[in-house]
Amino acid sequence: MASIALSSVTKAYGTHTVIRGVDLQIADGEFVVFVGPSGCGKSTLLRIVAGLVPASSGQVLIDGEDVTDVPASKRGVAFVFQSYALYPHMSVERNIGFALETLRIGKEAIRSKVETVARMLKVDHLLERRPRELSGGQRQRVAIGRALVREPEIFLFDEPLSNLDSDLRMEMRIEIARLHEDIKTTMVYVTHDQAEAMTLADRIVVLNQGSIEQVGTPLELYQAPANRFVAGFIGSPRMNFGPVPLGAEAGGFSLPDDLVAHHTSPGSRQPASIGIRPEALSLVAPDAGRMSGVLERVEDLGHEHFAYIRLADQSIWVVRVAGRPPFERRNQPVGLSFADADIFVFDSEGKRMAHRATVPQAGREASEGGLVHER
Amino acid sequence: MAPGALVTSPVRIKRRSSAHYRMRRQIRRGGLGILILLVLAYTLFPYYWAIVSSTKQGAELYTTAFLPALNFGYYRQLFDNPVFMGSLVNSVFVATGTTVVSLALGIISAYALGRLDFPQKRIVLMAILMISIFPQVAVLSGMFELINALGLYNRPSALIVTYLLSTVPFTTWILTTFIREFPRELEEAALIDGCSHFRILTRILLPLMGPSLASTGILAFILAWNEFLFALTFMLTDENKTVPVAIGLIGGTTRYEYPFGQIMAASVTVTLPLIIVVLIFQRRIVAGLTAGAVKG
């Protein structure tokens, strides 16, 4: 059990900077998920925590102790790799027990520990097999077992489920969540899969181009994204964005005059764009909505439908319809309706601005970031 | 469909009867077979001719019969020849020694060059390549001084030292390529598991490098087994000569007789161990290429 602290950690390969001054506190026993687009540095950051990649500058603290230059094997961390990285020439038993072999604790002790872990992960019947004789899910369990057997203070996962098919991924996701509940060890988990991030995390860290965009609980990120990047990244299908005002010729919607009126005083930030989540939009008759467009395509996913609406400025907005959509014909004019509370307003730098109708929780979160203007 | 409909379509693929394509496929297969036969004949005929010649006696040698006469007199003579048998022992010693030493050096340097980051890496790699560029004759006299200085003249171990000059560069290069392509996550996993670099090398890399070790080892072995110039220069007395030199020095009963049959018998005899080694390890190489993937 241990807490982790990163203070202004950077990493550069030559002139190419991968991590730009990251500060982060992870509490003891917390499950933190790093998400971000590919190449955002999330795996590198995890490797810096592990000690596999040295930080160019800044400090890594585990339990308040500076471990910046401590080698990986002495940090009390365990790492589960994307490719599982099982040793192909060793049996499952030796794979799990390999870390203990270097500790010289005796064959009997190793064997009993390996068996305990294997039973816990339901791979105890596979101990004699080689990794290539295992299925993807079994390999994943062995990889987790190899991490567990060392009784680490910190668990690090690098996209552990991305090589599994979707059924198995969901199953393993639940097992990892259960594992965390059982052993309550600090876990840091890297993924690009939103579902994994939203369901597993106590807190999510959204990374972009080597910097942290926002840290918060899944709900905070969903309801009160700090900026346009987070708003677009969290949520599936992604949020629809449009410029302000979205004049009549571009779809027929402009912000209600008083919605962000307090921002329009000289010198303060101006609303530059708005965003509305697909699930907050509903399809109505062309003249009954606040915006209008033509129906481009409807995707039927069985339990829900995605309708793609082409606005007058040629941008495509997505509407998530729970049941059957009221319109299905291509090129049919439709209207879009939504509530003021569902409008996200962003300034020219992409920072979210709170407004009159913003939900209370969102207001509170934004004020912590110092973004809200008192009315 | 009406014939007129096709005319309007802009792209129309010309198609002939199925029999036409079947015949074409058969012709292609037949042609390939003939080509393979040609290549096989080209590569195997010299060795076959050596076998045929080695079993003929006296004047038969000068007839062009393609079937072996199955007279093993020359082989018996050969195995009774202590100098030749001694040279066989020398060759096994030299070739095995060269292979083992150059693989050991190759692995260690390949791990450093393939994995560790140090600024002089490129220069070292280039230098290794440069060494193997020089022709043997160019380094012969320098090598001679070196062997004398080491006090190894006329000792088979001198050959191991000199053969390293040509085997270490290519073992290092081949193994460096292998180690570079080795999945980094496996190594990181070993680091987390508390392995030192040396332990990673011995416990993780080496067991997985079997196939590439076998193939580079075979190449080094063949090179050392067949080498002639150094072996001729650095070995003075008959009991220290290696096989290629010993064969070259096989003499007839009179100075006007060229012991063709005996030479052929010797050639066949010394090639057999190579073929056996290659056949043994080839199975491992092929097996190794298809198994042991990390993901799957």
# chains A, B, ... in the order shown; residues from 1 in each chain; ligands from 1
>>> residues_around(residues="Arg150 (chain A)", least_positions_apart="6", cutoff="10 Å", atoms="only C-alpha atoms", output="PyMOL selection string")
(chain A and resi 76-78+96-100+113-114+117) or (chain B and resi 193)
>>> interface_residues(of="chain A", to="chain B", cutoff="9 Å", atoms="only C-alpha atoms", output="PyMOL selection string")
chain A and resi 50-52+71-75+77-89+98-100+102-103+131-132+135-136+146-147+150+163
>>> write_last_selection(atoms="N, CA and C atoms", output="mmCIF file, in the first residue's frame")
data_model
loop_
_atom_site.group_PDB
_atom_site.id
_atom_site.type_symbol
_atom_site.label_atom_id
_atom_site.label_comp_id
_atom_site.auth_asym_id
_atom_site.auth_seq_id
_atom_site.Cartn_x
_atom_site.Cartn_y
_atom_site.Cartn_z
ATOM 1 N N ALA A 50 7.004 3.462 -12.848
ATOM 2 C CA ALA A 50 7.548 2.121 -12.615
ATOM 3 C C ALA A 50 9.052 2.138 -12.431
ATOM 4 N N GLY A 51 9.706 3.133 -13.042
ATOM 5 C CA GLY A 51 11.159 3.162 -12.988
ATOM 6 C C GLY A 51 11.792 2.496 -14.188
ATOM 7 N N LEU A 52 10.984 2.197 -15.206
ATOM 8 C CA LEU A 52 11.534 1.586 -16.422
ATOM 9 C C LEU A 52 12.121 2.645 -17.334
ATOM 10 N N PRO A 71 15.952 1.891 -8.904
ATOM 11 C CA PRO A 71 15.607 0.999 -10.016
ATOM 12 C C PRO A 71 14.235 0.340 -9.834
ATOM 13 N N ALA A 72 13.657 -0.068 -10.967
ATOM 14 C CA ALA A 72 12.285 -0.575 -10.993
ATOM 15 C C ALA A 72 12.051 -1.693 -9.979
ATOM 16 N N SER A 73 13.021 -2.600 -9.863
ATOM 17 C CA SER A 73 12.788 -3.778 -9.027
ATOM 18 C C SER A 73 12.763 -3.435 -7.539
ATOM 19 N N LYS A 74 13.260 -2.246 -7.185
ATOM 20 C CA LYS A 74 13.305 -1.885 -5.756
ATOM 21 C C LYS A 74 12.185 -0.933 -5.370
ATOM 22 N N ARG A 75 11.245 -0.678 -6.282
ATOM 23 C CA ARG A 75 10.222 0.305 -5.971
ATOM 24 C C ARG A 75 8.973 -0.321 -5.368
ATOM 25 N N VAL A 77 6.828 -2.044 -7.075
ATOM 26 C CA VAL A 77 5.744 -1.943 -8.040
ATOM 27 C C VAL A 77 5.670 -3.229 -8.859
ATOM 28 N N ALA A 78 4.482 -3.501 -9.364
ATOM 29 C CA ALA A 78 4.312 -4.615 -10.296
ATOM 30 C C ALA A 78 3.696 -4.041 -11.552
ATOM 31 N N PHE A 79 4.052 -4.637 -12.675
ATOM 32 C CA PHE A 79 3.662 -4.068 -13.963
ATOM 33 C C PHE A 79 2.996 -5.148 -14.800
ATOM 34 N N VAL A 80 1.837 -4.850 -15.341
ATOM 35 C CA VAL A 80 1.193 -5.782 -16.265
ATOM 36 C C VAL A 80 1.259 -5.163 -17.648
ATOM 37 N N PHE A 81 1.893 -5.892 -18.584
ATOM 38 C CA PHE A 81 2.183 -5.310 -19.892
ATOM 39 C C PHE A 81 1.073 -5.593 -20.891
ATOM 40 N N GLN A 82 1.037 -4.745 -21.913
ATOM 41 C CA GLN A 82 0.043 -4.901 -22.973
ATOM 42 C C GLN A 82 0.188 -6.249 -23.680
ATOM 43 N N SER A 83 1.435 -6.641 -23.967
ATOM 44 C CA SER A 83 1.656 -7.916 -24.657
ATOM 45 C C SER A 83 1.771 -9.061 -23.661
ATOM 46 N N TYR A 84 1.456 -8.792 -22.399
ATOM 47 C CA TYR A 84 1.589 -9.736 -21.284
ATOM 48 C C TYR A 84 3.054 -9.988 -20.944
ATOM 49 N N ALA A 85 3.924 -10.023 -21.980
ATOM 50 C CA ALA A 85 5.363 -10.222 -21.762
ATOM 51 C C ALA A 85 5.636 -11.422 -20.873
ATOM 52 N N LEU A 86 4.939 -12.528 -21.121
ATOM 53 C CA LEU A 86 5.256 -13.763 -20.399
ATOM 54 C C LEU A 86 6.519 -14.351 -21.018
ATOM 55 N N TYR A 87 7.329 -15.013 -20.202
ATOM 56 C CA TYR A 87 8.544 -15.603 -20.739
ATOM 57 C C TYR A 87 8.158 -16.874 -21.505
ATOM 58 N N PRO A 88 8.345 -16.880 -22.831
ATOM 59 C CA PRO A 88 7.802 -17.975 -23.651
ATOM 60 C C PRO A 88 8.411 -19.332 -23.335
ATOM 61 N N HIS A 89 9.628 -19.344 -22.794
ATOM 62 C CA HIS A 89 10.321 -20.617 -22.596
ATOM 63 C C HIS A 89 10.110 -21.176 -21.200
ATOM 64 N N PHE A 98 8.998 -16.344 -11.140
ATOM 65 C CA PHE A 98 10.328 -15.907 -11.551
ATOM 66 C C PHE A 98 10.871 -14.767 -10.689
ATOM 67 N N ALA A 99 9.995 -13.818 -10.352
ATOM 68 C CA ALA A 99 10.451 -12.678 -9.553
ATOM 69 C C ALA A 99 10.940 -13.140 -8.185
ATOM 70 N N LEU A 100 10.328 -14.219 -7.685
ATOM 71 C CA LEU A 100 10.706 -14.695 -6.349
ATOM 72 C C LEU A 100 12.041 -15.434 -6.389
ATOM 73 N N THR A 102 14.722 -14.559 -7.787
ATOM 74 C CA THR A 102 15.833 -13.645 -7.522
ATOM 75 C C THR A 102 15.907 -13.259 -6.047
ATOM 76 N N LEU A 103 14.826 -13.474 -5.317
ATOM 77 C CA LEU A 103 14.808 -13.071 -3.901
ATOM 78 C C LEU A 103 15.421 -14.133 -3.001
ATOM 79 N N PRO A 131 3.304 -20.508 -22.054
ATOM 80 C CA PRO A 131 2.402 -19.410 -22.431
ATOM 81 C C PRO A 131 1.735 -19.607 -23.788
ATOM 82 N N ARG A 132 2.445 -20.208 -24.768
ATOM 83 C CA ARG A 132 1.839 -20.300 -26.099
ATOM 84 C C ARG A 132 0.698 -21.307 -26.136
ATOM 85 N N SER A 135 -4.881 -19.490 -23.807
ATOM 86 C CA SER A 135 -5.700 -18.534 -24.542
ATOM 87 C C SER A 135 -5.353 -17.128 -24.058
ATOM 88 N N GLY A 136 -5.851 -16.136 -24.785
ATOM 89 C CA GLY A 136 -5.557 -14.746 -24.436
ATOM 90 C C GLY A 136 -5.936 -14.399 -23.009
ATOM 91 N N ARG A 146 1.633 -12.982 -12.088
ATOM 92 C CA ARG A 146 3.049 -12.675 -11.948
ATOM 93 C C ARG A 146 3.242 -11.375 -11.169
ATOM 94 N N ALA A 147 2.307 -10.425 -11.386
ATOM 95 C CA ALA A 147 2.388 -9.169 -10.658
ATOM 96 C C ALA A 147 1.975 -9.356 -9.196
ATOM 97 N N ARG A 150 4.278 -10.919 -6.131
ATOM 98 C CA ARG A 150 5.316 -10.138 -5.451
ATOM 99 C C ARG A 150 4.729 -9.289 -4.330
ATOM 100 N N ASN A 163 -5.528 -6.534 -26.018
ATOM 101 C CA ASN A 163 -5.350 -7.645 -26.956
ATOM 102 C C ASN A 163 -6.460 -8.685 -26.864
#
>>> closest_residue(among="B:Phe66, B:Pro169, B:Gln77, B:Arg28", to="Pro46 (chain B)", atoms="only C-alpha atoms")
B:Phe66
>>> residues_around(residues="Met85 (chain B)", least_positions_apart="4", cutoff="10 Å", atoms="only C-alpha atoms", output="list in words")
Leu78, Phe79, Asp80, Asn81, Val89, Asn90, Ser91, Glu239, Thr242, Val243 and Ala246 of chain B
>>> atom_distance(atom1="CA of Asn208 (chain A)", atom2="CA of Gly242 (chain A)")
21.5 Å
>>> select_by_dssp(residues="region 160-291 of chain A", states="alpha helix (DSSP H)", output="PyMOL selection string")
chain A and resi 166-183+194-200+218-223+228-233
>>> closest_residue(among="B:Leu37, B:Val137, B:Leu249, B:Ile128", to="Ala110 (chain B)", atoms="only C-alpha atoms")
B:Ile128
>>> residues_around(residues="Leu221 (chain A)", least_positions_apart="3", cutoff="12 Å", atoms="only C-alpha atoms", output="PyMOL selection string")
chain A and resi 35+194+197-198+201-206+213-218+224-235+352+361-362+365-366
>>> write_last_selection(atoms="N, CA and C atoms", output="mmCIF file, in the first residue's frame")
data_model
loop_
_atom_site.group_PDB
_atom_site.id
_atom_site.type_symbol
_atom_site.label_atom_id
_atom_site.label_comp_id
_atom_site.auth_asym_id
_atom_site.auth_seq_id
_atom_site.Cartn_x
_atom_site.Cartn_y
_atom_site.Cartn_z
ATOM 1 N N VAL A 35 -5.960 8.243 -19.298
ATOM 2 C CA VAL A 35 -6.484 8.093 -20.657
ATOM 3 C C VAL A 35 -5.960 9.228 -21.511
ATOM 4 N N GLN A 194 -12.542 4.094 -23.253
ATOM 5 C CA GLN A 194 -13.310 4.909 -22.329
ATOM 6 C C GLN A 194 -14.103 4.097 -21.335
ATOM 7 N N ALA A 197 -11.991 3.105 -18.557
ATOM 8 C CA ALA A 197 -11.671 4.246 -17.702
ATOM 9 C C ALA A 197 -12.858 4.615 -16.819
ATOM 10 N N MET A 198 -14.040 4.734 -17.422
ATOM 11 C CA MET A 198 -15.210 5.184 -16.676
ATOM 12 C C MET A 198 -15.613 4.172 -15.602
ATOM 13 N N ALA A 201 -12.214 3.475 -12.773
ATOM 14 C CA ALA A 201 -11.442 4.507 -12.077
ATOM 15 C C ALA A 201 -12.143 5.095 -10.864
ATOM 16 N N ASP A 202 -11.351 5.337 -9.809
ATOM 17 C CA ASP A 202 -11.782 6.281 -8.789
ATOM 18 C C ASP A 202 -11.624 7.686 -9.350
ATOM 19 N N ARG A 203 -10.455 7.900 -9.951
ATOM 20 C CA ARG A 203 -10.224 9.166 -10.640
ATOM 21 C C ARG A 203 -9.579 8.902 -11.994
ATOM 22 N N ILE A 204 -9.931 9.734 -12.956
ATOM 23 C CA ILE A 204 -9.356 9.625 -14.295
ATOM 24 C C ILE A 204 -8.411 10.801 -14.518
ATOM 25 N N VAL A 205 -7.276 10.516 -15.126
ATOM 26 C CA VAL A 205 -6.346 11.568 -15.528
ATOM 27 C C VAL A 205 -6.378 11.625 -17.048
ATOM 28 N N VAL A 206 -6.828 12.760 -17.596
ATOM 29 C CA VAL A 206 -6.865 12.891 -19.051
ATOM 30 C C VAL A 206 -5.582 13.581 -19.502
ATOM 31 N N GLU A 213 -4.735 17.314 -18.836
ATOM 32 C CA GLU A 213 -5.816 18.230 -19.177
ATOM 33 C C GLU A 213 -6.762 18.390 -17.996
ATOM 34 N N GLN A 214 -7.058 17.281 -17.331
ATOM 35 C CA GLN A 214 -7.964 17.342 -16.188
ATOM 36 C C GLN A 214 -7.842 16.062 -15.372
ATOM 37 N N VAL A 215 -8.012 16.205 -14.058
ATOM 38 C CA VAL A 215 -8.063 15.045 -13.177
ATOM 39 C C VAL A 215 -9.388 15.098 -12.449
ATOM 40 N N GLY A 216 -10.109 14.003 -12.423
ATOM 41 C CA GLY A 216 -11.375 14.043 -11.709
ATOM 42 C C GLY A 216 -12.039 12.686 -11.706
ATOM 43 N N THR A 217 -13.141 12.579 -10.959
ATOM 44 C CA THR A 217 -13.897 11.334 -10.973
ATOM 45 C C THR A 217 -14.544 11.202 -12.346
ATOM 46 N N PRO A 218 -14.919 9.984 -12.740
ATOM 47 C CA PRO A 218 -15.550 9.814 -14.049
ATOM 48 C C PRO A 218 -16.732 10.755 -14.250
ATOM 49 N N ALA A 224 -18.635 17.915 -15.990
ATOM 50 C CA ALA A 224 -17.992 19.220 -15.932
ATOM 51 C C ALA A 224 -16.593 19.166 -16.513
ATOM 52 N N PRO A 225 -16.477 18.872 -17.794
ATOM 53 C CA PRO A 225 -15.139 18.851 -18.397
ATOM 54 C C PRO A 225 -14.508 20.237 -18.316
ATOM 55 N N ALA A 226 -13.223 20.291 -18.024
ATOM 56 C CA ALA A 226 -12.556 21.575 -17.851
ATOM 57 C C ALA A 226 -12.420 22.301 -19.180
ATOM 58 N N ASN A 227 -12.342 21.542 -20.260
ATOM 59 C CA ASN A 227 -12.124 22.207 -21.541
ATOM 60 C C ASN A 227 -12.685 21.364 -22.687
ATOM 61 N N ARG A 228 -12.552 21.913 -23.858
ATOM 62 C CA ARG A 228 -13.113 21.277 -25.044
ATOM 63 C C ARG A 228 -12.493 19.913 -25.305
ATOM 64 N N PHE A 229 -11.171 19.782 -25.015
ATOM 65 C CA PHE A 229 -10.515 18.507 -25.281
ATOM 66 C C PHE A 229 -11.128 17.390 -24.441
ATOM 67 N N VAL A 230 -11.270 17.660 -23.139
ATOM 68 C CA VAL A 230 -11.833 16.645 -22.245
ATOM 69 C C VAL A 230 -13.289 16.372 -22.625
ATOM 70 N N ALA A 231 -14.020 17.451 -22.946
ATOM 71 C CA ALA A 231 -15.427 17.286 -23.323
ATOM 72 C C ALA A 231 -15.550 16.366 -24.533
ATOM 73 N N GLY A 232 -14.630 16.536 -25.484
ATOM 74 C CA GLY A 232 -14.694 15.715 -26.683
ATOM 75 C C GLY A 232 -14.174 14.317 -26.448
ATOM 76 N N PHE A 233 -13.261 14.174 -25.494
ATOM 77 C CA PHE A 233 -12.622 12.875 -25.311
ATOM 78 C C PHE A 233 -13.459 11.923 -24.474
ATOM 79 N N ILE A 234 -14.134 12.470 -23.462
ATOM 80 C CA ILE A 234 -14.965 11.626 -22.593
ATOM 81 C C ILE A 234 -16.388 11.631 -23.135
ATOM 82 N N GLY A 235 -16.934 10.464 -23.317
ATOM 83 C CA GLY A 235 -18.287 10.369 -23.860
ATOM 84 C C GLY A 235 -18.237 9.723 -25.226
ATOM 85 N N ARG A 352 -13.852 25.668 -20.655
ATOM 86 C CA ARG A 352 -15.301 25.689 -20.492
ATOM 87 C C ARG A 352 -15.709 26.866 -19.615
ATOM 88 N N GLN A 361 -23.523 20.780 -9.843
ATOM 89 C CA GLN A 361 -22.278 20.062 -9.609
ATOM 90 C C GLN A 361 -21.188 20.550 -10.553
ATOM 91 N N ALA A 362 -21.613 20.806 -11.781
ATOM 92 C CA ALA A 362 -20.657 21.302 -12.748
ATOM 93 C C ALA A 362 -20.114 22.646 -12.297
ATOM 94 N N GLU A 365 -17.458 22.216 -9.611
ATOM 95 C CA GLU A 365 -16.188 21.715 -10.157
ATOM 96 C C GLU A 365 -15.427 22.827 -10.864
ATOM 97 N N ALA A 366 -16.174 23.585 -11.653
ATOM 98 C CA ALA A 366 -15.527 24.639 -12.409
ATOM 99 C C ALA A 366 -14.935 25.680 -11.469
#
>>> closest_residue(among="A:Glu30, A:Asp124, A:Asp23, A:Glu101", to="Leu200 (chain A)", atoms="only C-alpha atoms")
A:Glu30
>>> residues_around(residues="Ala224 (chain B)", least_positions_apart="3", cutoff="10 Å", atoms="only C-alpha atoms", output="PyMOL selection string")
chain B and resi 91-92+94-99+159-160+162-164+166-167+218-221+227-228+231+242
>>> write_last_selection(atoms="C-alpha atoms", output="short mmCIF file (atom, residue, chain, number, x, y, z; two decimals), in the first residue's frame")
data_model
loop_
_atom_site.label_atom_id
_atom_site.label_comp_id
_atom_site.auth_asym_id
_atom_site.auth_seq_id
_atom_site.Cartn_x
_atom_site.Cartn_y
_atom_site.Cartn_z
CA SER B 91 39.77 -29.30 -37.52
CA VAL B 92 37.07 -30.36 -35.06
CA VAL B 94 39.60 -25.45 -34.24
CA ALA B 95 36.10 -25.15 -35.72
CA THR B 96 34.34 -25.91 -32.43
CA GLY B 97 36.62 -23.55 -30.53
CA THR B 98 36.08 -20.77 -33.04
CA THR B 99 32.31 -21.25 -32.95
CA LEU B 159 43.88 -20.68 -35.78
CA ILE B 160 41.05 -20.02 -33.33
CA THR B 162 42.88 -15.75 -36.28
CA TYR B 163 39.48 -17.07 -37.33
CA LEU B 164 37.80 -14.83 -34.77
CA SER B 166 36.28 -13.10 -39.63
CA THR B 167 33.64 -14.84 -37.47
CA ILE B 218 26.73 -23.11 -38.22
CA LEU B 219 28.06 -20.30 -40.40
CA ALA B 220 31.00 -19.74 -38.09
CA PHE B 221 31.68 -23.47 -37.95
CA GLU B 227 39.53 -21.99 -44.07
CA PHE B 228 42.77 -22.62 -45.97
CA ALA B 231 45.74 -22.73 -41.72
CA THR B 242 43.73 -28.88 -40.43
#
>>> residues_around(residues="Val278 (chain B)", least_positions_apart="4", cutoff="9 Å", atoms="only C-alpha atoms", output="list of chain:residue names")
B:Ser215, B:Ile218, B:Pro273, B:Leu274, B:Gln282, B:Arg283
>>> residues_around(residues="region 179-182 of chain B", least_positions_apart="3", cutoff="8 Å", atoms="only C-alpha atoms", output="tab-separated table (two decimals) with C-alpha atoms, in the first residue's frame")
chain	number	residue	atom	x	y	z
B	110	ALA	CA	25.37	-7.85	-29.52
B	111	TYR	CA	23.51	-7.30	-26.24
B	114	GLY	CA	21.42	-3.89	-29.50
B	115	ARG	CA	20.12	-2.78	-26.14
B	175	LEU	CA	22.86	-11.34	-33.16
B	176	THR	CA	22.59	-7.55	-32.79
>>> atom_distance(atom1="CA of Phe198 (chain B)", atom2="CA of Gly106 (chain B)")
14.6 Å
